[in-house]
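Data first, discussion second: the structure below is written as structure tokens.
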Amino acid sequence: MRKIIATEWMSLDGIFDATLMAEWFNPYHSDSRATLISENIHDCSAMLYGRNTYQMLYPYWSAFKNNEMGVADKLNKTPKYVVSGTMEEAAWENSTIINDDIIETLKGLKASGEGNILVQGSGTLVRSLLAAGLLDELKVMIQPHIMGNGLRFFTEGMFASLQCKQVKELDKGVVEVTYVPAG
């Protein structure tokens with residue numbers, strides 16, 4: 001069975017707001033962080049997105065044709081699934097919309113094929129995957145920055161029991177903590 005692995009980038013206080021990345025994400029760039037992001041992207045055979053993340057990434061990455069940043073080809077050519085009840089068209093190469101019987105469809109996706117399924121960002125989707133017991137790993141890349149406000153990944157009413165599988169220390173105080181479901 002395939003694993004669904006989510007990667008989330010956030011500040012120390014749980015802000016993962018893409019509109020504020022210049023403050024909490026960009027100052028902590030390093031070669032070690034770029035390498036880890038690339039490794040996470042390359043370690044999948046399919047990608048799964050929520051609508052907002054898909055619509056944010058599609059225009060940027062689909063414009064690249066020369067494997068920019070060492071990941072553009074992977075992002076463009078890999079099969080992508082976008083969970084959305086409102087999208088009617090997914091124009092990014094190799095994209096399929098999942099808009100009906102979502103949990104059962106994702107169970108079927110996990111049971112078919114080989115290789116990991118990567119979720120990037122897509123907070124609402126990841127929270128749903130956690131609640132449904134479909135998320136196999138949650139990789140949280142924490143930048144040592146306290147924002148105080150912005151869109152939070154961990155929301156009120158969210159509950160998940162996890163255990164730490166691995167901690168990777170990167171440059172500039174950034175860490176990636178990999179969690180798996182407890183029990």
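By convention in this document, the chains of the structure tokens carry letters A, B, ... by their order, each chain's residues are numbered from 1, and ligands are numbered from 1 in the order they are shown.
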Strand (DSSP E or B) call set, DSSP backbone run, chain A, as a ChimeraX atom specification: /A:4-11,15,46-50,80-83,95-98,117-120,137-143,152,162-169,175-181
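With only C-alpha atoms taken into account, the protein and nucleic acid residues at most 12 Å from A:Glu169 (excluding it and anything under 6 positions from it in its own chain) are A:Ser30, A:Ser32, A:Arg33, A:Leu36, A:Val140, A:Met141, A:Ile142, A:Gln143, A:Pro144, A:Val175, A:Glu176, A:Val177, A:Thr178.
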Shell around A:Met87 at 12 Å using only C-alpha atoms, local window under 4 positions removed, as a ChimeraX atom specification: /A:50-52,54-55,81-83,91,95-100
Residue subset to file, keeping N, CA and C atoms, as a compact mmCIF listing (two decimals), in the first residue's frame:
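Heads up, here's the output in part-v6.txt:
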# COMPACT_ATOMS: atom_id res chain seq x y z
N GLY A 50 -4.84 20.25 -2.21
CA GLY A 50 -6.11 20.93 -2.05
C GLY A 50 -6.20 22.01 -3.11
N ARG A 51 -7.38 22.55 -3.32
CA ARG A 51 -7.60 23.53 -4.39
C ARG A 51 -6.70 24.76 -4.25
N ASN A 52 -6.63 25.35 -3.06
CA ASN A 52 -5.86 26.59 -2.90
C ASN A 52 -4.38 26.39 -3.24
N TYR A 54 -3.01 24.00 -5.06
CA TYR A 54 -2.91 23.69 -6.48
C TYR A 54 -2.96 24.98 -7.31
N GLN A 55 -3.93 25.84 -7.02
CA GLN A 55 -4.08 27.07 -7.80
C GLN A 55 -2.93 28.05 -7.55
N TYR A 81 -3.28 14.99 -8.22
CA TYR A 81 -4.70 14.88 -7.88
C TYR A 81 -5.05 16.09 -7.04
N VAL A 82 -6.11 16.78 -7.40
CA VAL A 82 -6.52 17.96 -6.66
C VAL A 82 -7.92 17.72 -6.11
N VAL A 83 -8.05 17.87 -4.80
CA VAL A 83 -9.34 17.68 -4.13
C VAL A 83 -10.07 19.02 -4.12
N ALA A 91 -5.84 22.44 -15.26
CA ALA A 91 -5.05 22.60 -16.48
C ALA A 91 -3.59 22.16 -16.36
N SER A 95 -3.04 16.29 -14.38
CA SER A 95 -3.86 16.58 -13.21
C SER A 95 -5.25 15.98 -13.33
N THR A 96 -5.75 15.49 -12.20
CA THR A 96 -7.09 14.93 -12.10
C THR A 96 -7.79 15.56 -10.91
N ILE A 97 -9.03 15.96 -11.10
CA ILE A 97 -9.81 16.52 -10.00
C ILE A 97 -10.54 15.39 -9.28
N ILE A 98 -10.48 15.42 -7.97
CA ILE A 98 -11.27 14.50 -7.13
C ILE A 98 -12.32 15.36 -6.45
N ASN A 99 -13.58 15.13 -6.81
CA ASN A 99 -14.63 15.98 -6.26
C ASN A 99 -15.83 15.20 -5.73
N ASP A 100 -15.74 13.87 -5.78
CA ASP A 100 -16.86 13.06 -5.34
C ASP A 100 -16.33 11.86 -4.55
Interatomic distance (Å, one decimal) between atom CA of A:Lys139 and atom CA of A:Thr124: 15.6 Å
Shell of 10 Å around A:Asp31, only C-alpha atoms, local chain residues under 5 positions omitted, as a PyMOL selection string: chain A and resi 36-37+170-171
All helix (DSSP H, G or I) residues (DSSP, backbone) inside chain A, as a ChimeraX atom specification: /A:18-24,26-28,31-42,51-62,68-70,72-77,102-111,123-132,171-173
Spatial neighbours of A:Ile15, 12 Å, only C-alpha atoms, chain gap at least 3 places, as an MDAnalysis selection string: chainID A and resid 8:12 18:21 23:25 121 123 140:155
Restricting it to C-alpha atoms, dump the selection as a compact mmCIF listing (two decimals), in the first residue's frame.
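So the final result, stored in out18.txt, reads:
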# COMPACT_ATOMS: atom_id res chain seq x y z
CA GLU A 8 4.20 21.43 5.86
CA TRP A 9 6.41 24.47 6.19
CA MET A 10 5.66 26.77 9.09
CA SER A 11 6.96 29.21 11.64
CA LEU A 12 7.72 28.10 15.19
CA ALA A 18 1.90 31.68 2.07
CA THR A 19 1.18 35.41 1.85
CA LEU A 20 3.64 36.02 4.72
CA MET A 21 6.46 33.70 3.60
CA GLU A 23 8.80 37.13 6.77
CA TRP A 24 8.84 33.62 8.25
CA PHE A 25 10.24 31.39 5.44
CA GLY A 121 0.75 22.62 1.93
CA GLY A 123 -3.79 22.49 5.20
CA VAL A 140 6.79 19.60 9.58
CA MET A 141 9.60 21.96 8.55
CA ILE A 142 9.84 24.56 11.30
CA GLN A 143 11.53 27.90 10.73
CA PRO A 144 12.80 29.46 14.02
CA HIS A 145 10.57 32.51 13.67
CA ILE A 146 7.57 33.57 15.75
CA MET A 147 4.99 35.44 13.66
CA GLY A 148 2.24 36.01 16.21
CA ASN A 149 -0.43 36.21 13.53
CA GLY A 150 -1.37 34.76 10.17
CA LEU A 151 -2.99 31.61 8.88
CA ARG A 152 -2.29 28.75 11.29
CA PHE A 153 -1.87 25.13 10.31
CA PHE A 154 -3.12 23.80 13.64
CA THR A 155 -6.70 24.96 14.04
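From atom CA of A:Phe16 back to atom CA of A:Lys65, the distance works out to 28.1 Å.
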